[in-house]
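Chemist: Got a structure for you, entry_34.cif, holding mmCIF, C-alpha atoms.
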data_final
loop_
_atom_site.group_PDB
_atom_site.id
_atom_site.type_symbol
_atom_site.label_atom_id
_atom_site.label_comp_id
_atom_site.auth_asym_id
_atom_site.auth_seq_id
_atom_site.Cartn_x
_atom_site.Cartn_y
_atom_site.Cartn_z
ATOM 1 C CA MET A 20 91.336 87.833 109.581
ATOM 2 C CA ILE A 21 94.908 88.205 108.382
ATOM 3 C CA THR A 22 97.529 85.645 109.371
ATOM 4 C CA ALA A 23 100.995 86.492 110.605
ATOM 5 C CA PHE A 24 102.457 84.969 107.436
ATOM 6 C CA GLN A 25 100.265 87.119 105.198
ATOM 7 C CA ALA A 26 100.974 90.200 107.301
ATOM 8 C CA SER A 27 104.696 89.698 106.789
ATOM 9 C CA ALA A 28 104.203 89.097 103.066
ATOM 10 C CA ASP A 29 102.311 92.381 102.834
ATOM 11 C CA THR A 30 104.832 94.374 104.869
ATOM 12 C CA GLU A 31 107.692 92.914 102.843
ATOM 13 C CA LYS A 32 106.107 94.267 99.661
ATOM 14 C CA LEU A 33 105.872 97.707 101.267
ATOM 15 C CA CYS A 34 109.443 97.564 102.526
ATOM 16 C CA ARG A 35 110.662 96.812 99.014
ATOM 17 C CA LEU A 36 109.034 99.924 97.522
ATOM 18 C CA ALA A 37 111.818 102.241 98.740
ATOM 19 C CA PRO A 38 114.954 101.995 100.872
ATOM 20 C CA ILE A 39 113.604 104.423 103.483
ATOM 21 C CA ILE A 40 110.241 104.696 105.241
ATOM 22 C CA PRO A 41 109.780 108.206 106.653
ATOM 23 C CA VAL A 42 108.876 108.140 110.351
ATOM 24 C CA LEU A 43 106.669 111.174 110.874
ATOM 25 C CA VAL A 44 105.629 113.014 114.025
ATOM 26 C CA VAL A 45 103.104 115.606 112.853
ATOM 27 C CA ASP A 46 101.020 117.826 115.108
ATOM 28 C CA ASP A 47 99.208 119.846 112.438
ATOM 29 C CA ALA A 48 96.822 118.031 110.105
ATOM 30 C CA SER A 49 96.676 121.021 107.772
ATOM 31 C CA ILE A 50 100.158 120.279 106.445
ATOM 32 C CA ALA A 51 99.648 116.519 106.155
ATOM 33 C CA ARG A 52 98.797 116.390 102.468
ATOM 34 C CA PRO A 53 101.568 118.668 101.136
ATOM 35 C CA LEU A 54 104.074 116.857 103.355
ATOM 36 C CA ALA A 55 102.981 113.474 102.038
ATOM 37 C CA GLU A 56 102.941 114.755 98.471
ATOM 38 C CA ALA A 57 106.518 115.996 98.815
ATOM 39 C CA LEU A 58 107.751 112.676 100.210
ATOM 40 C CA VAL A 59 105.939 110.638 97.562
ATOM 41 C CA ALA A 60 107.203 112.914 94.785
ATOM 42 C CA GLY A 61 110.712 112.372 96.124
ATOM 43 C CA GLY A 62 110.371 108.612 95.766
ATOM 44 C CA LEU A 63 109.319 107.565 99.272
ATOM 45 C CA PRO A 64 105.731 106.294 98.939
ATOM 46 C CA VAL A 65 105.434 104.395 102.237
ATOM 47 C CA LEU A 66 104.802 106.731 105.178
ATOM 48 C CA GLU A 67 104.642 105.934 108.884
ATOM 49 C CA VAL A 68 102.690 108.438 110.974
ATOM 50 C CA THR A 69 103.400 107.886 114.647
ATOM 51 C CA LEU A 70 100.491 108.120 117.068
ATOM 52 C CA ARG A 71 102.397 110.511 119.302
ATOM 53 C CA THR A 72 100.345 113.654 118.734
ATOM 54 C CA ASP A 73 96.690 114.574 119.141
ATOM 55 C CA ALA A 74 96.526 115.255 115.403
ATOM 56 C CA ALA A 75 98.003 111.919 114.291
ATOM 57 C CA LEU A 76 94.735 110.243 113.263
ATOM 58 C CA ASP A 77 93.647 113.299 111.281
ATOM 59 C CA VAL A 78 97.089 113.358 109.680
ATOM 60 C CA ILE A 79 96.615 109.748 108.589
ATOM 61 C CA ARG A 80 93.190 110.602 107.167
ATOM 62 C CA GLU A 81 94.661 113.396 105.067
ATOM 63 C CA MET A 82 97.718 111.474 103.913
ATOM 64 C CA ALA A 83 95.534 108.535 102.904
ATOM 65 C CA LYS A 84 94.094 110.778 100.181
ATOM 66 C CA VAL A 85 97.455 111.318 98.477
ATOM 67 C CA ASP A 86 97.851 109.470 95.186
ATOM 68 C CA GLY A 87 100.745 107.039 95.146
ATOM 69 C CA GLY A 88 101.183 107.040 98.897
ATOM 70 C CA VAL A 89 100.730 104.213 101.393
ATOM 71 C CA VAL A 90 100.198 105.538 104.891
ATOM 72 C CA GLY A 91 100.501 103.494 108.053
ATOM 73 C CA ALA A 92 100.225 104.097 111.784
ATOM 74 C CA GLY A 93 103.230 103.814 114.051
ATOM 75 C CA THR A 94 103.514 103.517 117.811
ATOM 76 C CA LEU A 95 100.584 101.103 118.054
ATOM 77 C CA LEU A 96 100.368 100.215 121.741
ATOM 78 C CA THR A 97 96.774 99.092 122.367
ATOM 79 C CA PRO A 98 93.902 97.405 120.524
ATOM 80 C CA GLU A 99 92.152 100.788 120.582
ATOM 81 C CA ASP A 100 95.092 102.266 118.683
ATOM 82 C CA VAL A 101 94.646 99.570 116.056
ATOM 83 C CA THR A 102 90.928 100.250 115.674
ATOM 84 C CA ASN A 103 91.464 103.998 115.439
ATOM 85 C CA ALA A 104 94.270 103.608 112.914
ATOM 86 C CA VAL A 105 92.203 101.396 110.633
ATOM 87 C CA ASP A 106 89.241 103.757 110.870
ATOM 88 C CA ALA A 107 91.524 106.645 109.888
ATOM 89 C CA GLY A 108 92.683 104.818 106.762
ATOM 90 C CA ALA A 109 95.984 103.278 107.814
ATOM 91 C CA ARG A 110 97.023 100.455 105.502
ATOM 92 C CA PHE A 111 99.674 98.998 107.785
ATOM 93 C CA GLY A 112 100.781 99.277 111.381
ATOM 94 C CA VAL A 113 104.080 99.525 113.224
ATOM 95 C CA SER A 114 104.686 98.796 116.902
ATOM 96 C CA PRO A 115 107.813 99.501 118.997
ATOM 97 C CA GLY A 116 107.578 96.016 120.493
ATOM 98 C CA ALA A 117 105.078 93.186 120.343
ATOM 99 C CA THR A 118 102.481 91.803 122.730
ATOM 100 C CA ASP A 119 99.844 89.167 122.160
ATOM 101 C CA ARG A 120 97.123 91.824 122.512
ATOM 102 C CA ILE A 121 98.605 93.978 119.753
ATOM 103 C CA LEU A 122 99.272 91.023 117.478
ATOM 104 C CA ASP A 123 95.757 89.651 118.029
ATOM 105 C CA ALA A 124 94.170 93.055 117.400
ATOM 106 C CA CYS A 125 96.059 93.673 114.153
ATOM 107 C CA GLU A 126 95.312 90.200 112.843
ATOM 108 C CA ALA A 127 91.611 90.554 113.715
ATOM 109 C CA ALA A 128 91.506 93.951 111.982
ATOM 110 C CA ASP A 129 93.278 92.674 108.844
ATOM 111 C CA LEU A 130 96.019 95.236 109.438
ATOM 112 C CA PRO A 131 99.488 94.127 108.306
ATOM 113 C CA LEU A 132 101.854 94.784 111.184
ATOM 114 C CA LEU A 133 105.573 95.465 111.335
ATOM 115 C CA PRO A 134 106.189 94.375 114.942
ATOM 116 C CA GLY A 135 109.189 95.570 116.893
ATOM 117 C CA ALA A 136 111.962 93.361 118.222
ATOM 118 C CA ALA A 137 115.159 94.384 119.997
ATOM 119 C CA THR A 138 116.701 91.021 120.893
ATOM 120 C CA ALA A 139 117.216 87.596 119.400
ATOM 121 C CA SER A 140 114.638 86.155 121.811
ATOM 122 C CA GLU A 141 112.009 88.691 120.732
ATOM 123 C CA ALA A 142 112.751 88.020 117.076
ATOM 124 C CA MET A 143 112.455 84.271 117.695
ATOM 125 C CA ALA A 144 109.132 84.660 119.506
ATOM 126 C CA LEU A 145 107.682 86.651 116.611
ATOM 127 C CA LEU A 146 109.094 84.155 114.121
ATOM 128 C CA GLU A 147 107.379 81.319 115.991
ATOM 129 C CA ARG A 148 104.081 83.131 115.469
ATOM 130 C CA GLY A 149 104.824 83.611 111.787
ATOM 131 C CA TYR A 150 106.247 87.125 111.548
ATOM 132 C CA THR A 151 109.211 86.910 109.193
ATOM 133 C CA VAL A 152 109.419 90.678 108.677
ATOM 134 C CA GLN A 153 110.071 92.750 111.797
ATOM 135 C CA LYS A 154 111.175 96.178 112.965
ATOM 136 C CA PHE A 155 114.545 96.341 114.748
ATOM 137 C CA PHE A 156 114.035 99.039 117.373
ATOM 138 C CA PRO A 157 115.664 101.102 118.739
ATOM 139 C CA ALA A 158 118.347 100.266 116.226
ATOM 140 C CA GLU A 159 121.288 102.442 117.218
ATOM 141 C CA ALA A 160 120.693 102.073 120.959
ATOM 142 C CA ASN A 161 120.709 98.295 120.542
ATOM 143 C CA GLY A 162 124.081 98.125 118.866
ATOM 144 C CA GLY A 163 123.371 99.443 115.398
ATOM 145 C CA ALA A 164 124.131 97.641 112.177
ATOM 146 C CA ALA A 165 126.695 95.381 113.857
ATOM 147 C CA ALA A 166 124.054 94.037 116.252
ATOM 148 C CA LEU A 167 121.534 93.511 113.463
ATOM 149 C CA LYS A 168 124.152 91.644 111.445
ATOM 150 C CA ALA A 169 124.879 89.427 114.449
ATOM 151 C CA ILE A 170 121.190 88.623 114.942
ATOM 152 C CA GLY A 171 120.889 87.746 111.286
ATOM 153 C CA ALA A 172 123.554 85.061 111.434
ATOM 154 C CA PRO A 173 121.542 82.552 113.539
ATOM 155 C CA ILE A 174 118.099 83.819 112.466
ATOM 156 C CA PRO A 175 118.375 84.348 108.685
ATOM 157 C CA GLN A 176 114.646 83.685 108.229
ATOM 158 C CA VAL A 177 113.773 87.144 109.590
ATOM 159 C CA ARG A 178 114.148 90.341 107.579
ATOM 160 C CA PHE A 179 114.149 93.709 109.302
ATOM 161 C CA CYS A 180 113.340 97.377 108.993
ATOM 162 C CA PRO A 181 115.722 99.042 111.479
ATOM 163 C CA THR A 182 114.390 102.252 113.022
ATOM 164 C CA GLY A 183 115.629 104.532 115.773
ATOM 165 C CA GLY A 184 118.759 106.583 115.271
ATOM 166 C CA VAL A 185 118.974 105.763 111.567
ATOM 167 C CA SER A 186 120.246 108.722 109.556
ATOM 168 C CA LEU A 187 121.662 109.526 106.162
ATOM 169 C CA LYS A 188 125.142 108.925 107.612
ATOM 170 C CA ASN A 189 124.518 105.361 108.789
ATOM 171 C CA ALA A 190 121.588 104.187 106.655
ATOM 172 C CA ALA A 191 123.895 102.513 104.140
ATOM 173 C CA ASP A 192 125.422 100.394 106.923
ATOM 174 C CA TYR A 193 122.000 98.895 107.612
ATOM 175 C CA LEU A 194 120.843 98.664 104.005
ATOM 176 C CA SER A 195 123.948 96.682 103.039
ATOM 177 C CA LEU A 196 122.963 93.836 105.381
ATOM 178 C CA PRO A 197 121.267 90.785 103.827
ATOM 179 C CA ASN A 198 118.618 90.753 106.590
ATOM 180 C CA THR A 199 117.594 94.387 106.035
ATOM 181 C CA LEU A 200 114.757 95.193 103.648
ATOM 182 C CA CYS A 201 114.600 98.939 104.277
ATOM 183 C CA ALA A 202 115.079 101.381 107.142
ATOM 184 C CA GLY A 203 112.901 103.909 108.906
ATOM 185 C CA GLY A 204 114.094 107.450 109.464
ATOM 186 C CA SER A 205 112.848 110.888 110.394
ATOM 187 C CA TRP A 206 115.627 112.962 108.821
ATOM 188 C CA VAL A 207 113.754 113.213 105.508
ATOM 189 C CA ALA A 208 111.129 115.438 107.152
ATOM 190 C CA PRO A 209 112.992 117.606 109.689
ATOM 191 C CA LYS A 210 111.029 119.885 111.980
ATOM 192 C CA ASP A 211 112.547 123.071 110.623
ATOM 193 C CA LEU A 212 111.583 122.339 107.030
ATOM 194 C CA ILE A 213 108.087 121.329 108.115
ATOM 195 C CA ALA A 214 107.734 124.521 110.160
ATOM 196 C CA ASN A 215 108.802 126.577 107.139
ATOM 197 C CA ARG A 216 106.598 124.513 104.831
ATOM 198 C CA ASP A 217 109.631 123.897 102.653
ATOM 199 C CA TRP A 218 108.100 121.116 100.601
ATOM 200 C CA ALA A 219 110.737 121.420 97.881
ATOM 201 C CA GLY A 220 113.452 120.911 100.485
ATOM 202 C CA ILE A 221 111.699 117.842 101.874
ATOM 203 C CA GLU A 222 111.207 116.443 98.379
ATOM 204 C CA ALA A 223 114.944 116.857 97.775
ATOM 205 C CA LEU A 224 115.782 114.995 100.989
ATOM 206 C CA ALA A 225 113.354 112.252 100.030
ATOM 207 C CA ARG A 226 114.889 111.910 96.585
ATOM 208 C CA GLU A 227 118.349 111.625 98.111
ATOM 209 C CA ALA A 228 117.109 108.904 100.483
ATOM 210 C CA SER A 229 115.284 107.060 97.707
ATOM 211 C CA ARG A 230 118.568 106.619 95.873
ATOM 212 C CA LEU A 231 120.384 104.907 98.717
ATOM 213 C CA PRO A 232 121.758 101.545 97.552
ATOM 214 C CA ARG A 233 120.541 98.286 99.039
#
Give the structure from this file in structure tokens form.
Modeler:
Amino acid sequence: MITAFQASADTEKLCRLAPIIPVLVVDDASIARPLAEALVAGGLPVLEVTLRTDAALDVIREMAKVDGGVVGAGTLLTPEDVTNAVDAGARFGVSPGATDRILDACEAADLPLLPGAATASEAMALLERGYTVQKFFPAEANGGAAALKAIGAPIPQVRFCPTGGVSLKNAADYLSLPNTLCAGGSWVAPKDLIANRDWAGIEALAREASRLPR
């Protein structure tokens, strides 16, 4: 059974692998491997597959086979989601918020979790449990980089991965903050390039994102 402290240590290591974690909504498992291969080749090895489509678990299974990649499951909402994600090969989890049921389930399953927090109170509650690495979500809707900077002043013990509205245009604003480890974004795998199976184009976007300063 993983502890909250160990979970945060594990997620911090993942967050330090690249400045951007692709947030992926994929509804066709047949393109999972080439998509993951393109992102990894572009320098983004940590991949979050959101459980928002019927194909998501199969997508995780396929991406878990890609050398050099670390695939995790996003949008974990229930203990059943946690079980299914682990069975599919997810190596970490991400949740939009945090409840005791989700935290208990991830700890029992030895699944490192990046739990979501949107306010100082939520960040404090997770910190009390031992989660020193958290997801700031939805980042832009909650005030963007300025809000995350403000939260960091009284709670410097917590480091964040902001997600939600993060783009190439504003990613640097987040990454420049001392309480930001990395950011999550979907722009590196846009729907049009996926639909056209433009893996070279996605690799180029990933490479551009991998070079963002932090």
Chemist: Would you translate the PyMOL selection byres ((chain A and resi 43) around 8) into the concrete set of residues it matches in this file, as JSON, numbers by chain?
Modeler: {"A": [41, 42, 44, 45, 66, 67, 68, 69, 205, 208]}
Chemist: Write the residues of the selection above to a file with C-alpha atoms, as a PDB file, in the frame of the given file.
Modeler:
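Produced file out22.pdb, reproduced below:
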ATOM      1  CA  PRO A  41     109.780 108.206 106.653  1.00  0.00           C
ATOM      2  CA  VAL A  42     108.876 108.140 110.351  1.00  0.00           C
ATOM      3  CA  VAL A  44     105.629 113.014 114.025  1.00  0.00           C
ATOM      4  CA  VAL A  45     103.104 115.606 112.853  1.00  0.00           C
ATOM      5  CA  LEU A  66     104.802 106.731 105.178  1.00  0.00           C
ATOM      6  CA  GLU A  67     104.642 105.934 108.884  1.00  0.00           C
ATOM      7  CA  VAL A  68     102.690 108.438 110.974  1.00  0.00           C
ATOM      8  CA  THR A  69     103.400 107.886 114.647  1.00  0.00           C
ATOM      9  CA  SER A 205     112.848 110.888 110.394  1.00  0.00           C
ATOM     10  CA  ALA A 208     111.129 115.438 107.152  1.00  0.00           C
TER      11      ALA A 208
END
Chemist: Do you know which residues are at most 8 Å from Phe156 of chain A counting only C-alpha atoms, after dropping those on the same chain fewer than 6 positions away, and could you put them as JSON, numbers by chain?
Modeler: {"A": [115, 116, 135, 136, 137, 181, 182, 183]}
Chemist: Residues near segment 83-98 of chain A, anyone? I mean within 9 Å using all atoms listed in the file, not counting same-chain ones fewer than 2 positions away, as a ChimeraX atom specification.
Modeler: /A:33,42-43,52-53,55-56,58-60,63-71,75-76,78-81,100-105,107-118,120-125
Chemist: What residues have an atom no more than 7 Å from (116.1, 109.5, 111.5) in the file's own frame, counting only C-alpha atoms, and can you write them as a list in words?
Modeler: Gly183, Gly184, Val185, Ser186, Gly203, Gly204, Ser205 and Trp206 of chain A
Chemist: Counting only C-alpha atoms, write as a short mmCIF file (atom, residue, chain, number, x, y, z; two decimals) with C-alpha atoms, keeping the file's coordinate frame all protein and nucleic acid residues lying at most 9 Å from (97.7, 88.6, 106.7) in the file's frame.
Modeler:
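File point-v5.cif, as written:
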data_model
loop_
_atom_site.label_atom_id
_atom_site.label_comp_id
_atom_site.auth_asym_id
_atom_site.auth_seq_id
_atom_site.Cartn_x
_atom_site.Cartn_y
_atom_site.Cartn_z
CA MET A 20 91.34 87.83 109.58
CA ILE A 21 94.91 88.20 108.38
CA THR A 22 97.53 85.64 109.37
CA ALA A 23 101.00 86.49 110.60
CA PHE A 24 102.46 84.97 107.44
CA GLN A 25 100.26 87.12 105.20
CA ALA A 26 100.97 90.20 107.30
CA SER A 27 104.70 89.70 106.79
CA ALA A 28 104.20 89.10 103.07
CA ASP A 29 102.31 92.38 102.83
CA GLU A 126 95.31 90.20 112.84
CA ASP A 129 93.28 92.67 108.84
CA LEU A 130 96.02 95.24 109.44
CA PRO A 131 99.49 94.13 108.31
CA LEU A 132 101.85 94.78 111.18
#
Chemist: So how many Å separate atom CA of Ala144 of chain A and atom CA of Asp192 of chain A, to one decimal?
Modeler: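 Calculated distance between atom CA of Ala144 of chain A and atom CA of Asp192 of chain A is 25.9 Å.
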Chemist: So how far away is atom CA of Ala37 of chain A from atom CA of Glu147 of chain A, in Å?
Modeler: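 Separation of atom CA of Glu147 of chain A and atom CA of Ala37 of chain A: 27.5 Å.
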Chemist: Work out how far atom CA of Glu99 of chain A is from atom CA of Ala142 of chain A, in Å to one decimal.
Modeler: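 About the pair atom CA of Ala142 of chain A and atom CA of Glu99 of chain A: they are 24.5 Å apart.
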Chemist: Expand the PyMOL selection byres ((chain A and resi 199) around 12) into the individual residues it matches in the shown file, reporting them as a PyMOL selection string.
Modeler: chain A and resi 31+34-35+38-39+151-155+158+164+167-168+170-171+175-182+190-198+200-203+232-233
Chemist: Given the file shown, enumerate the residues that the PyMOL selection byres ((chain A and resi 219) around 12) captures and present them as a PyMOL selection string.
Modeler: chain A and resi 53-61+207-208+212-213+215-218+220-226
Chemist: I need the residues from that last selection saved to file as a PDB file, in the coordinates of the input (with C-alpha atoms), if you can.
Modeler:
ATOM      1  CA  PRO A  53     101.568 118.668 101.136  1.00  0.00           C
ATOM      2  CA  LEU A  54     104.074 116.857 103.355  1.00  0.00           C
ATOM      3  CA  ALA A  55     102.981 113.474 102.038  1.00  0.00           C
ATOM      4  CA  GLU A  56     102.941 114.755  98.471  1.00  0.00           C
ATOM      5  CA  ALA A  57     106.518 115.996  98.815  1.00  0.00           C
ATOM      6  CA  LEU A  58     107.751 112.676 100.210  1.00  0.00           C
ATOM      7  CA  VAL A  59     105.939 110.638  97.562  1.00  0.00           C
ATOM      8  CA  ALA A  60     107.203 112.914  94.785  1.00  0.00           C
ATOM      9  CA  GLY A  61     110.712 112.372  96.124  1.00  0.00           C
ATOM     10  CA  VAL A 207     113.754 113.213 105.508  1.00  0.00           C
ATOM     11  CA  ALA A 208     111.129 115.438 107.152  1.00  0.00           C
ATOM     12  CA  LEU A 212     111.583 122.339 107.030  1.00  0.00           C
ATOM     13  CA  ILE A 213     108.087 121.329 108.115  1.00  0.00           C
ATOM     14  CA  ASN A 215     108.802 126.577 107.139  1.00  0.00           C
ATOM     15  CA  ARG A 216     106.598 124.513 104.831  1.00  0.00           C
ATOM     16  CA  ASP A 217     109.631 123.897 102.653  1.00  0.00           C
ATOM     17  CA  TRP A 218     108.100 121.116 100.601  1.00  0.00           C
ATOM     18  CA  GLY A 220     113.452 120.911 100.485  1.00  0.00           C
ATOM     19  CA  ILE A 221     111.699 117.842 101.874  1.00  0.00           C
ATOM     20  CA  GLU A 222     111.207 116.443  98.379  1.00  0.00           C
ATOM     21  CA  ALA A 223     114.944 116.857  97.775  1.00  0.00           C
ATOM     22  CA  LEU A 224     115.782 114.995 100.989  1.00  0.00           C
ATOM     23  CA  ALA A 225     113.354 112.252 100.030  1.00  0.00           C
ATOM     24  CA  ARG A 226     114.889 111.910  96.585  1.00  0.00           C
TER      25      ARG A 226
END
Chemist: Would you compute an axis-aligned box for segment 219-222 of chain A, covering every atom listed for it in the file with 5 Å of margin on each side, and report centre and edge lengths in Å to one decimal as AutoDock Vina command-line options?
Modeler:
--center_x 112.1 --center_y 118.9 --center_z 99.9 --size_x 12.7 --size_y 15.0 --size_z 14.0
Chemist: Tell me which of A:Ala165, A:Ala127, A:Ile174, A:Asp106 sits closest to Met143 of chain A, counting all atoms listed in the file.
Modeler: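 Looking at the shortest contact to Met143 of chain A, the residue is A:Ile174.
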